[in-house]
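> Input file: final_22.txt. Contents: compact mmCIF, C-alpha atoms and all ligand atoms.
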```txt
# COMPACT_ATOMS: atom_id res chain seq x y z
CA MET H 1 -14.14 -22.99 -25.74
CA PRO H 2 -12.26 -19.90 -24.47
CA LYS H 3 -10.64 -20.28 -21.06
CA ILE H 4 -9.76 -18.21 -18.02
CA LEU H 5 -6.75 -19.10 -15.89
CA ILE H 6 -7.09 -18.59 -12.12
CA SER H 7 -3.78 -18.82 -10.32
CA ARG H 8 -5.37 -19.06 -6.85
CA HIS H 9 -8.84 -19.87 -5.51
CA VAL H 10 -10.39 -16.41 -5.02
CA GLY H 11 -13.18 -17.33 -2.58
CA ASP H 12 -16.62 -18.86 -3.13
CA HIS H 13 -18.33 -15.57 -4.03
CA ALA H 14 -16.02 -14.69 -6.91
CA MET H 15 -15.60 -18.32 -7.99
CA SER H 16 -19.38 -18.55 -8.46
CA ILE H 17 -19.28 -15.49 -10.74
CA LEU H 18 -16.56 -17.20 -12.77
CA SER H 19 -18.50 -20.48 -12.88
CA SER H 20 -21.51 -18.80 -14.45
CA SER H 21 -19.42 -16.77 -16.94
CA GLY H 22 -19.55 -19.39 -19.68
CA PHE H 23 -15.75 -19.70 -19.87
CA ASP H 24 -13.82 -22.87 -19.17
CA LEU H 25 -11.90 -22.38 -15.96
CA ILE H 26 -8.39 -23.60 -15.28
CA VAL H 27 -7.97 -23.21 -11.53
CA ASN H 28 -4.89 -23.86 -9.44
CA SER H 29 -6.37 -26.35 -6.98
CA GLU H 30 -3.57 -26.05 -4.42
CA ASP H 31 -3.90 -23.69 -1.47
CA ALA H 32 -0.50 -22.30 -2.43
CA ALA H 33 1.01 -20.33 -5.28
CA PRO H 34 1.37 -22.42 -8.43
CA SER H 35 4.72 -23.00 -10.06
CA ARG H 36 5.86 -20.57 -12.70
CA GLU H 37 5.86 -23.47 -15.18
CA TRP H 38 2.19 -24.17 -14.48
CA VAL H 39 1.29 -20.53 -15.19
CA LEU H 40 3.38 -20.30 -18.36
CA LYS H 41 2.11 -23.63 -19.70
CA HIS H 42 -1.56 -22.66 -19.34
CA LEU H 43 -1.07 -19.13 -20.67
CA ALA H 44 0.35 -20.66 -23.86
CA ASP H 45 -2.93 -22.53 -24.51
CA PRO H 46 -4.38 -21.06 -27.75
CA GLU H 47 -7.80 -20.96 -26.09
CA MET H 48 -6.63 -19.03 -23.04
CA ALA H 49 -8.36 -15.61 -23.02
CA ALA H 50 -7.59 -14.10 -19.60
CA MET H 51 -5.92 -14.73 -16.27
CA CYS H 52 -6.66 -13.78 -12.64
CA LEU H 53 -3.32 -13.30 -10.90
CA MET H 54 -2.06 -12.37 -7.47
CA HIS H 55 0.25 -9.64 -6.23
CA GLY H 56 2.86 -11.24 -4.01
CA GLN H 57 2.97 -14.59 -5.84
CA PRO H 58 6.32 -14.94 -7.62
CA SER H 59 4.66 -17.25 -10.17
CA ASP H 60 2.50 -14.37 -11.37
CA ILE H 61 5.02 -11.60 -12.05
CA VAL H 62 4.08 -10.15 -15.43
CA ASP H 63 7.41 -9.62 -17.18
CA GLU H 64 8.65 -10.22 -20.73
CA GLU H 65 8.97 -13.94 -20.05
CA LEU H 66 5.34 -14.29 -19.04
CA LEU H 67 4.11 -12.06 -21.85
CA ASN H 68 6.14 -14.02 -24.40
CA ALA H 69 4.53 -17.21 -23.10
CA CYS H 70 1.00 -15.89 -23.70
CA GLY H 71 -0.97 -17.60 -26.44
CA PRO H 72 -2.49 -15.54 -29.28
CA ASN H 73 -5.88 -15.11 -27.58
CA VAL H 74 -4.82 -13.81 -24.16
CA LYS H 75 -6.55 -10.43 -23.98
CA CYS H 76 -6.47 -9.57 -20.28
CA LEU H 77 -4.35 -10.11 -17.17
CA SER H 78 -6.31 -9.14 -14.08
CA THR H 79 -4.52 -8.64 -10.78
CA PHE H 80 -6.07 -9.17 -7.36
CA SER H 81 -4.57 -5.90 -6.07
CA VAL H 82 -4.72 -2.20 -6.69
CA GLY H 83 -0.93 -1.98 -7.03
CA PHE H 84 0.64 -3.09 -10.29
CA ASP H 85 4.35 -2.84 -9.53
CA HIS H 86 4.63 -6.58 -10.38
CA ILE H 87 3.37 -5.95 -13.92
CA ASN H 88 5.08 -4.53 -16.99
CA VAL H 89 1.95 -2.68 -18.09
CA LYS H 90 3.52 -0.98 -21.09
CA ALA H 91 4.84 -4.23 -22.56
CA ALA H 92 1.46 -5.90 -22.00
CA ASN H 93 -0.45 -3.06 -23.66
CA GLU H 94 1.94 -3.10 -26.61
CA ARG H 95 0.89 -6.70 -27.17
CA GLY H 96 -2.78 -5.71 -26.97
CA ILE H 97 -3.20 -7.25 -23.50
CA LYS H 98 -5.22 -5.20 -21.02
CA ILE H 99 -4.30 -5.06 -17.33
CA GLY H 100 -7.10 -5.05 -14.76
CA HIS H 101 -6.72 -4.10 -11.08
CA THR H 102 -8.89 -3.41 -8.03
CA PRO H 103 -8.91 0.29 -7.08
CA GLY H 104 -11.50 1.83 -4.76
CA VAL H 105 -12.82 -1.24 -2.97
CA LEU H 106 -9.87 -1.42 -0.57
CA ASP H 107 -9.52 2.24 0.35
CA ASP H 108 -11.32 1.94 3.69
CA ALA H 109 -9.53 -1.23 4.78
CA VAL H 110 -6.09 0.21 4.01
CA ALA H 111 -7.04 3.50 5.70
CA ASP H 112 -8.05 1.53 8.83
CA VAL H 113 -4.64 -0.13 9.04
CA THR H 114 -2.88 3.17 8.33
CA VAL H 115 -4.66 4.85 11.23
CA MET H 116 -3.93 1.86 13.44
CA LEU H 117 -0.23 2.14 12.61
CA VAL H 118 -0.26 5.89 13.30
CA LEU H 119 -1.72 5.31 16.75
CA MET H 120 0.47 2.27 17.49
CA THR H 121 3.59 4.15 16.48
CA MET H 122 2.81 7.34 18.35
CA ARG H 123 1.91 5.45 21.52
CA ARG H 124 4.89 3.10 21.29
CA VAL H 125 2.75 -0.02 21.18
CA GLU H 126 5.56 -2.16 19.73
CA ASN H 127 7.74 -1.26 22.67
CA GLY H 128 4.89 -1.87 25.12
CA ILE H 129 3.99 -5.30 23.74
CA SER H 130 7.63 -6.31 23.50
CA LEU H 131 8.40 -5.43 27.08
CA VAL H 132 5.29 -7.16 28.41
CA LYS H 133 6.05 -10.31 26.41
CA ALA H 134 9.68 -10.23 27.58
CA GLY H 135 8.55 -10.06 31.22
CA GLU H 136 10.07 -6.59 31.61
CA TRP H 137 6.97 -4.71 32.73
CA ALA H 138 7.98 -4.60 36.38
CA GLN H 139 11.43 -3.28 35.49
CA ILE H 140 9.85 -0.16 34.01
CA PRO H 141 7.14 0.73 36.53
CA TRP H 142 4.72 3.53 35.94
CA ALA H 143 6.10 7.05 36.02
CA PRO H 144 4.58 10.21 34.57
CA PHE H 145 6.48 10.04 31.30
CA VAL H 146 7.29 6.37 30.95
CA ASN H 147 5.98 4.60 27.83
CA CYS H 148 4.60 7.86 26.48
CA GLY H 149 4.56 9.24 22.99
CA PRO H 150 3.65 12.40 21.06
CA SER H 151 0.00 13.51 21.21
CA ILE H 152 -2.24 13.12 18.20
CA SER H 153 -4.47 15.92 19.52
CA HIS H 154 -1.55 18.33 19.91
CA PRO H 155 -2.79 21.85 19.02
CA SER H 156 -0.21 22.51 16.31
CA LEU H 157 -0.12 19.18 14.55
CA THR H 158 0.90 18.81 10.91
CA ILE H 159 0.07 15.64 9.00
CA SER H 160 2.03 15.03 5.80
CA PHE H 161 0.98 12.65 3.06
CA ILE H 162 3.23 11.28 0.34
CA GLY H 163 0.56 10.86 -2.33
CA PHE H 164 -2.94 12.20 -1.81
CA GLY H 165 -5.17 9.76 -3.61
CA ARG H 166 -8.23 7.94 -2.39
CA ILE H 167 -6.50 5.97 0.37
CA SER H 168 -4.79 9.04 1.78
CA GLN H 169 -8.10 10.87 1.81
CA ALA H 170 -9.89 7.98 3.55
CA THR H 171 -7.06 8.01 6.09
CA LEU H 172 -7.37 11.74 6.63
CA SER H 173 -11.10 11.60 7.29
CA ARG H 174 -10.48 8.98 9.97
CA LEU H 175 -7.55 10.86 11.54
CA LEU H 176 -9.65 14.00 11.90
CA ALA H 177 -11.71 12.12 14.51
CA PHE H 178 -8.58 11.90 16.68
CA THR H 179 -7.03 15.33 16.21
CA SER H 180 -7.90 18.54 18.06
CA THR H 181 -11.23 20.06 17.03
CA SER H 182 -10.39 23.49 18.45
CA HIS H 183 -6.97 23.54 16.73
CA PRO H 184 -7.37 21.37 13.64
CA PRO H 185 -4.22 19.93 12.09
CA ARG H 186 -2.59 21.36 9.00
CA ILE H 187 -2.34 18.94 6.10
CA LEU H 188 0.52 18.90 3.61
CA TYR H 189 0.98 16.50 0.75
CA THR H 190 3.22 15.79 -2.19
CA SER H 191 2.10 14.53 -5.53
CA SER H 192 4.06 13.98 -8.70
CA ARG H 193 3.89 17.52 -10.00
CA ALA H 194 2.05 20.75 -9.28
CA ARG H 195 -0.91 21.36 -11.58
CA PRO H 196 -1.58 24.73 -13.18
CA ASP H 197 -4.79 24.95 -11.11
CA GLN H 198 -3.10 23.74 -7.92
CA VAL H 199 -4.48 26.57 -5.76
CA SER H 200 -8.07 25.74 -6.61
CA ILE H 201 -7.44 22.00 -6.21
CA ASP H 202 -6.10 22.61 -2.72
CA GLN H 203 -8.98 24.94 -1.93
CA ALA H 204 -11.43 22.22 -2.92
CA PHE H 205 -9.60 19.69 -0.71
CA SER H 206 -9.59 22.16 2.19
CA GLU H 207 -13.34 22.72 1.85
CA LYS H 208 -14.06 19.02 1.56
CA PHE H 209 -12.21 18.14 4.78
CA GLY H 210 -12.70 21.42 6.69
CA VAL H 211 -8.95 21.84 7.34
CA GLU H 212 -6.14 23.63 5.53
CA ILE H 213 -4.65 21.32 2.87
CA LYS H 214 -1.72 22.26 0.67
CA ARG H 215 0.53 20.60 -1.88
CA VAL H 216 4.21 21.23 -1.11
CA GLU H 217 7.56 19.86 -2.27
CA ARG H 218 9.28 16.83 -0.77
CA GLU H 219 11.48 18.76 1.65
CA GLN H 220 8.52 20.50 3.27
CA VAL H 221 6.45 17.36 3.86
CA ALA H 222 9.52 15.95 5.61
CA LYS H 223 10.40 19.04 7.63
CA GLN H 224 6.94 20.03 8.78
CA GLY H 225 5.12 16.73 9.34
CA ASP H 226 4.56 15.39 12.85
CA ILE H 227 2.96 12.38 11.20
CA VAL H 228 4.31 11.44 7.76
CA ILE H 229 2.22 8.91 5.86
CA VAL H 230 3.36 7.15 2.69
CA LEU H 231 0.44 6.18 0.42
CA ALA H 232 1.66 6.59 -3.14
CA SER H 233 2.10 4.01 -5.83
CA GLN H 234 5.53 2.61 -6.61
CA ASN H 235 7.27 3.89 -9.72
CA PRO H 236 10.79 5.07 -10.56
CA GLN H 237 10.00 8.52 -9.11
CA THR H 238 8.80 7.16 -5.76
CA VAL H 239 11.39 4.43 -5.04
CA ASP H 240 13.57 5.58 -2.11
CA PHE H 241 11.40 8.70 -1.74
CA VAL H 242 12.05 8.43 2.00
CA ASN H 243 15.84 8.11 2.23
CA LYS H 244 18.52 9.34 4.62
CA GLU H 245 18.19 12.94 3.44
CA PHE H 246 14.42 12.87 3.95
CA LEU H 247 14.70 11.23 7.37
CA THR H 248 17.27 13.80 8.47
CA TRP H 249 14.88 16.58 7.46
CA MET H 250 12.14 15.05 9.63
CA LYS H 251 11.52 16.23 13.19
CA LYS H 252 13.00 14.03 15.89
CA THR H 253 9.52 13.80 17.39
CA ALA H 254 7.83 12.80 14.14
CA ILE H 255 6.65 9.37 13.05
CA LEU H 256 6.63 7.70 9.65
CA VAL H 257 3.98 5.25 8.43
CA ASN H 258 4.23 3.31 5.16
CA CYS H 259 1.17 1.46 3.87
CA ALA H 260 2.09 1.72 0.18
CA ARG H 261 5.02 -0.36 -1.05
CA GLY H 262 8.25 -1.21 0.76
CA PRO H 263 10.68 0.33 -1.72
CA LEU H 264 9.24 3.85 -1.21
CA VAL H 265 11.14 3.86 2.09
CA ASN H 266 14.81 2.88 2.15
CA SER H 267 15.00 0.23 4.89
CA GLU H 268 18.67 0.74 5.77
CA ASP H 269 18.22 4.48 6.05
CA LEU H 270 15.12 4.04 8.20
CA ALA H 271 16.91 1.59 10.52
CA TRP H 272 19.73 4.12 10.81
CA ALA H 273 17.26 6.95 11.58
CA LEU H 274 15.52 4.94 14.31
CA GLU H 275 18.81 3.82 15.83
CA ASN H 276 20.08 7.41 15.93
CA ASP H 277 16.85 9.00 17.18
CA GLU H 278 16.47 10.98 13.97
CA ILE H 279 12.73 10.24 14.13
CA TYR H 280 10.45 9.01 16.91
CA GLY H 281 9.16 5.80 15.38
CA ALA H 282 7.85 4.04 12.32
CA GLY H 283 4.89 1.85 11.39
CA LEU H 284 5.19 -0.31 8.31
CA ASP H 285 2.67 -2.54 6.58
CA VAL H 286 5.17 -3.12 3.79
CA VAL H 287 8.93 -3.70 3.71
CA THR H 288 11.32 -4.06 0.78
CA GLY H 289 11.96 -7.74 0.09
CA GLU H 290 8.73 -8.94 1.76
CA PRO H 291 7.79 -11.60 2.61
CA ASN H 292 11.43 -12.59 3.07
CA VAL H 293 11.91 -10.43 6.16
CA SER H 294 13.71 -12.30 8.94
CA ALA H 295 13.33 -11.92 12.70
CA ASP H 296 16.75 -10.26 12.87
CA HIS H 297 15.93 -7.61 10.26
CA PRO H 298 16.90 -4.34 11.97
CA LEU H 299 13.40 -2.90 11.47
CA VAL H 300 11.76 -6.02 12.94
CA LYS H 301 14.13 -5.94 15.91
CA SER H 302 13.61 -2.25 16.63
CA ARG H 303 11.14 -1.50 19.40
CA LYS H 304 10.48 1.85 17.73
CA CYS H 305 9.12 0.17 14.65
CA VAL H 306 5.88 -1.77 14.14
CA VAL H 307 6.10 -4.16 11.18
CA LEU H 308 2.98 -5.83 9.83
CA PRO H 309 2.93 -8.51 7.11
CA HIS H 310 1.12 -6.44 4.43
CA ILE H 311 -2.39 -6.78 5.85
CA GLY H 312 -3.74 -3.40 4.64
CA SER H 313 -6.60 -4.71 2.53
CA GLY H 314 -7.09 -7.77 4.73
CA ASP H 315 -10.64 -7.72 5.96
CA TYR H 316 -13.00 -10.37 4.60
CA ASP H 317 -15.50 -8.03 2.93
CA THR H 318 -12.73 -6.09 1.21
CA ARG H 319 -10.98 -9.20 -0.07
CA ASN H 320 -14.30 -10.49 -1.46
CA LYS H 321 -14.87 -7.17 -3.22
CA MET H 322 -11.34 -7.29 -4.64
CA ALA H 323 -11.94 -10.87 -5.78
CA GLU H 324 -15.19 -9.88 -7.49
CA LEU H 325 -13.59 -6.94 -9.28
CA CYS H 326 -10.61 -9.09 -10.27
CA VAL H 327 -12.80 -11.80 -11.85
CA ARG H 328 -15.18 -9.32 -13.50
CA ASN H 329 -12.20 -7.58 -15.10
CA ALA H 330 -10.96 -10.96 -16.36
CA ILE H 331 -14.38 -11.95 -17.73
CA ASN H 332 -14.89 -8.62 -19.49
CA GLY H 333 -11.37 -8.75 -20.86
CA ALA H 334 -11.81 -12.31 -22.09
CA LYS H 335 -14.94 -11.17 -23.95
CA GLY H 336 -13.03 -8.28 -25.51
CA GLU H 337 -15.13 -5.75 -23.55
CA ALA H 338 -14.01 -2.75 -21.49
CA LEU H 339 -12.67 -3.67 -18.05
CA LEU H 340 -14.36 -2.28 -14.93
CA ALA H 341 -10.94 -1.00 -13.82
CA GLU H 342 -8.08 -0.98 -16.29
CA VAL H 343 -4.52 0.11 -15.54
CA LYS H 344 -3.16 2.46 -18.16
CA VAL H 345 0.31 3.92 -18.12
C1 LIG Y 1 -2.29 -4.13 -1.90
O1 LIG Y 1 -1.21 -3.81 -1.51
C2 LIG Y 1 -2.78 -3.94 -3.22
O2 LIG Y 1 -2.06 -3.44 -4.09
O3 LIG Y 1 -3.93 -4.30 -3.44
C1 LIG Y 2 -2.45 5.96 -3.05
O1 LIG Y 2 -2.31 4.90 -3.60
C2 LIG Y 2 -3.70 6.53 -2.59
O2 LIG Y 2 -4.75 6.16 -3.17
O3 LIG Y 2 -3.66 7.34 -1.68
```
Can I see the file as structure tokens?


Amino acid sequence: MPKILISRHVGDHAMSILSSSGFDLIVNSEDAAPSREWVLKHLADPEMAAMCLMHGQPSDIVDEELLNACGPNVKCLSTFSVGFDHINVKAANERGIKIGHTPGVLDDAVADVTVMLVLMTMRRVENGISLVKAGEWAQIPWAPFVNCGPSISHPSLTISFIGFGRISQATLSRLLAFTSTSHPPRILYTSSRARPDQVSIDQAFSEKFGVEIKRVEREQVAKQGDIVIVLASQNPQTVDFVNKEFLTWMKKTAILVNCARGPLVNSEDLAWALENDEIYGAGLDVVTGEPNVSADHPLVKSRKCVVLPHIGSGDYDTRNKMAELCVRNAINGAKGEALLAEVKV
């Protein structure tokens, strides 16, 4: 009987889909990541056909070691995430193993957190909460410009996106509810390379959102953005995209928000930029090295920086939709059918 390996309970809804799939299920029964040995042992089972795996679980990193451990019938590895930076997709595909992921269903949830971080960062919420919790409120009594930040409805606002995929677009539609209606913001974005029909692509974006939208090069998103939002996938071209050079280009009044992957922003350079007032503040849902980020990490200690523990997709409905897509990919893959969402590189 062919089997599916589930490295973590994925919620009752998705588990019931798995239960009625006709496959034997090997489920990690602990409410914790399994050991690497447990994963490798079960993948080697000649009847193992697919696996549901988690981003952020060291046991589930899909590298040569894991791929070499796979038995002859493993046809699909399905990740409970849209990002696939923990997976060597090319090596998997070369072995005839398909990679499933969960695009689309989390766009709104991640956009919500992105907007929240934009507002929190602009209005210095980290500083406000920290001073209240430290009992310092009375030491900084109200004054016209105390605890203030840059205005999101400023009449000449520019919003820059690093990456302009679905999540960036869901973020933009939300942000337009906060920006000036009489003086709409200008939108700039970078993407890997300009297309031959770039002008008409940008025209279509501008019509869709009712504001001017333009693809520019890296230096211009940095120099012109009042709000710079990182929402691109991680790959060798995007690691350290926001480094010291980029941060120095940014306006001193601008903020940076990263809801993509930690390594797109160089942490040391960002800490330096905040310390030296090179930018106004930062909001991060992701940090290089997460979850091993200690309380004395310079970005955690900075009152100009909000750090969240990678909660972008974390609302219950979204996680259930991700779970469903993850298990349906695994079931389809195990049957040798097309996945609902396959990663191809
Ligand atoms: C979240 O970061 C994801 O990749 O799903
Ligand atoms: C990036 O991952 C996006 O969809 O915007």

> In the coordinates of the file, take the point (-6.2, -0.3, -9.2) and a cut-off of 8 Å; then, counting all atoms listed in the file, name each qualifying protein, DNA or RNA residue as a list in words.

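The answer, in the requested form, is Ser81, Val82, Gly83, Phe84, Gly100, His101, Thr102, Pro103, Gly104, Ala341, Glu342 and Val343 of chain H.
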
> Could you turn the residues from that selection into a file that holds C-alpha atoms, as a short mmCIF file (atom, residue, chain, number, x, y, z; two decimals), in the coordinates of the input?


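Saved as selection-v7.cif:
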```cif
data_model
loop_
_atom_site.label_atom_id
_atom_site.label_comp_id
_atom_site.auth_asym_id
_atom_site.auth_seq_id
_atom_site.Cartn_x
_atom_site.Cartn_y
_atom_site.Cartn_z
CA SER H 81 -4.57 -5.90 -6.07
CA VAL H 82 -4.72 -2.20 -6.69
CA GLY H 83 -0.93 -1.98 -7.03
CA PHE H 84 0.64 -3.09 -10.29
CA GLY H 100 -7.10 -5.05 -14.76
CA HIS H 101 -6.72 -4.10 -11.08
CA THR H 102 -8.89 -3.41 -8.03
CA PRO H 103 -8.91 0.29 -7.08
CA GLY H 104 -11.50 1.83 -4.76
CA ALA H 341 -10.94 -1.00 -13.82
CA GLU H 342 -8.08 -0.98 -16.29
CA VAL H 343 -4.52 0.11 -15.54
#
```

> So for ligand LIG 2 (chain Y), what box centre and size do we get, axis-aligned, 6 Å extra on each of the six sides, every listed atom, Å to one decimal, as AutoDock Vina command-line options?


```
--center_x -3.5 --center_y 6.1 --center_z -2.6 --size_x 14.4 --size_y 14.4 --size_z 13.9
```

> Please find the residues contacting ligand LIG 2 (chain Y) at a distance of at most 12 Å between atoms, with only C-alpha atoms and all ligand atoms counted, and report them as JSON, numbers by chain.

{"H": [81, 82, 83, 84, 85, 102, 103, 104, 105, 106, 107, 108, 109, 110, 111, 114, 161, 162, 163, 164, 165, 166, 167, 168, 169, 170, 171, 172, 189, 190, 191, 192, 229, 230, 231, 232, 233, 234, 235, 238, 258, 259, 260, 261, 264, 312]}

> What would the file look like if the residues just selected were written as a compact mmCIF listing (two decimals), keeping the file's coordinate frame with C-alpha atoms?


```
# COMPACT_ATOMS: atom_id res chain seq x y z
CA SER H 81 -4.57 -5.90 -6.07
CA VAL H 82 -4.72 -2.20 -6.69
CA GLY H 83 -0.93 -1.98 -7.03
CA PHE H 84 0.64 -3.09 -10.29
CA ASP H 85 4.35 -2.84 -9.53
CA THR H 102 -8.89 -3.41 -8.03
CA PRO H 103 -8.91 0.29 -7.08
CA GLY H 104 -11.50 1.83 -4.76
CA VAL H 105 -12.82 -1.24 -2.97
CA LEU H 106 -9.87 -1.42 -0.57
CA ASP H 107 -9.52 2.24 0.35
CA ASP H 108 -11.32 1.94 3.69
CA ALA H 109 -9.53 -1.23 4.78
CA VAL H 110 -6.09 0.21 4.01
CA ALA H 111 -7.04 3.50 5.70
CA THR H 114 -2.88 3.17 8.33
CA PHE H 161 0.98 12.65 3.06
CA ILE H 162 3.23 11.28 0.34
CA GLY H 163 0.56 10.86 -2.33
CA PHE H 164 -2.94 12.20 -1.81
CA GLY H 165 -5.17 9.76 -3.61
CA ARG H 166 -8.23 7.94 -2.39
CA ILE H 167 -6.50 5.97 0.37
CA SER H 168 -4.79 9.04 1.78
CA GLN H 169 -8.10 10.87 1.81
CA ALA H 170 -9.89 7.98 3.55
CA THR H 171 -7.06 8.01 6.09
CA LEU H 172 -7.37 11.74 6.63
CA TYR H 189 0.98 16.50 0.75
CA THR H 190 3.22 15.79 -2.19
CA SER H 191 2.10 14.53 -5.53
CA SER H 192 4.06 13.98 -8.70
CA ILE H 229 2.22 8.91 5.86
CA VAL H 230 3.36 7.15 2.69
CA LEU H 231 0.44 6.18 0.42
CA ALA H 232 1.66 6.59 -3.14
CA SER H 233 2.10 4.01 -5.83
CA GLN H 234 5.53 2.61 -6.61
CA ASN H 235 7.27 3.89 -9.72
CA THR H 238 8.80 7.16 -5.76
CA ASN H 258 4.23 3.31 5.16
CA CYS H 259 1.17 1.46 3.87
CA ALA H 260 2.09 1.72 0.18
CA ARG H 261 5.02 -0.36 -1.05
CA LEU H 264 9.24 3.85 -1.21
CA GLY H 312 -3.74 -3.40 4.64
```

> Show me the residues around (-19.6, -12.9, -18.7) - criterion: an atom at most 9 Å away, all atoms listed in the file counted - as an MDAnalysis selection string.

chainID H and resid 17:18 20:23 328 331:332 334:335

> Looking at only C-alpha atoms and all ligand atoms, which of H:Val74, H:Ala33, H:Leu325, H:Leu270 is the one that sits closest to ligand LIG 1 (chain Y)?

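Ranked by minimum distance to ligand LIG 1 (chain Y), first place goes to H:Leu325.
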
> Would you please work out which residue, of H:His310, H:His297, H:His13, H:Lys252, is nearest to ligand LIG 1 (chain Y) when using only C-alpha atoms and all ligand atoms?

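When distances to ligand LIG 1 (chain Y) are compared using only C-alpha atoms and all ligand atoms, the smallest one comes from H:His310.
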
> Check the smallest atom-to-atom distance from each of H:Met54, H:Ala204, H:Met120, H:Val146 to ligand LIG 1 (chain Y) using all atoms listed in the file, then report the winner.

H:Met54

> I need the residue nearest Ile213 (chain H) from this list: H:His9, H:Lys251, H:His42, H:Arg186. Use only C-alpha atoms for the distance.

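Looking at the shortest contact to Ile213 (chain H), the residue is H:Arg186.
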
> Please measure the separation of CA of Lys301 (chain H) and CA of Thr253 (chain H), giving the value in Å to one decimal.

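A separation of 20.3 Å between them.
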
> Rounded to one decimal in Å, what is the spacing between CA of Asp226 (chain H) and CA of Leu175 (chain H)?

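For CA of Asp226 (chain H) relative to CA of Leu175 (chain H), the distance reads 13.0 Å.
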
> Return the single residue from H:Leu66, H:Ala222, H:Leu119, H:Val306 that is closest to Val242 (chain H), with distances computed using all atoms listed in the file.

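Answer, going by the shortest atom-to-atom distance: H:Ala222.
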
> Rank nothing, just name the residue among H:Ile87, H:Leu284, H:Met48, H:Val265 nearest to Lys75 (chain H), using all atoms listed in the file.

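Comparing H:Ile87, H:Leu284, H:Met48, H:Val265 against Lys75 (chain H), the winner is H:Met48.
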
> Suppose you want the space between CA of Arg124 (chain H) and CA of Ala254 (chain H); what is it in Å?

12.4 Å

> Pick out the residues sitting within 7 Å of Ile159 (chain H), and hand them over as a list in words; count all atoms listed in the file, and ignore anything fewer than 3 positions along from it in its own chain.

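Selected residues are Pro185, Arg186, Ile187, Leu188, Gly225, Asp226, Ile227 and Val228 of chain H.
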
> I want to know what sits within 10 Å of Glu268 (chain H), based on only C-alpha atoms, with residues of the same chain fewer than 5 positions away left out; could you give that as a PyMOL selection string?

chain H and resi 243-244+273+297-299

> For those residues, write C-alpha atoms to a file as a tab-separated table (two decimals), in the frame of the given file.


```tsv
chain	number	residue	atom	x	y	z
H	243	ASN	CA	15.84	8.11	2.23
H	244	LYS	CA	18.52	9.34	4.62
H	273	ALA	CA	17.26	6.95	11.58
H	297	HIS	CA	15.93	-7.61	10.26
H	298	PRO	CA	16.90	-4.34	11.97
H	299	LEU	CA	13.40	-2.90	11.47
```

> Do you know which residues are at most 8 Å from Leu77 (chain H) counting only C-alpha atoms, after dropping those on the same chain fewer than 3 positions away, and could you put them as a list in words?

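Result of the neighbour search: Ala50, Met51, Cys52, Leu53, Val74, Ile97, Lys98, Ile99, Gly100 and Ala330 of chain H.
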
> List the spatial neighbours of Lys223 (chain H) as a VMD selection string - criterion: any atom at most 9 Å away, all atoms listed in the file, same-chain residues fewer than 3 positions off excluded.

chain H and resid 218 to 220 226 246 to 251
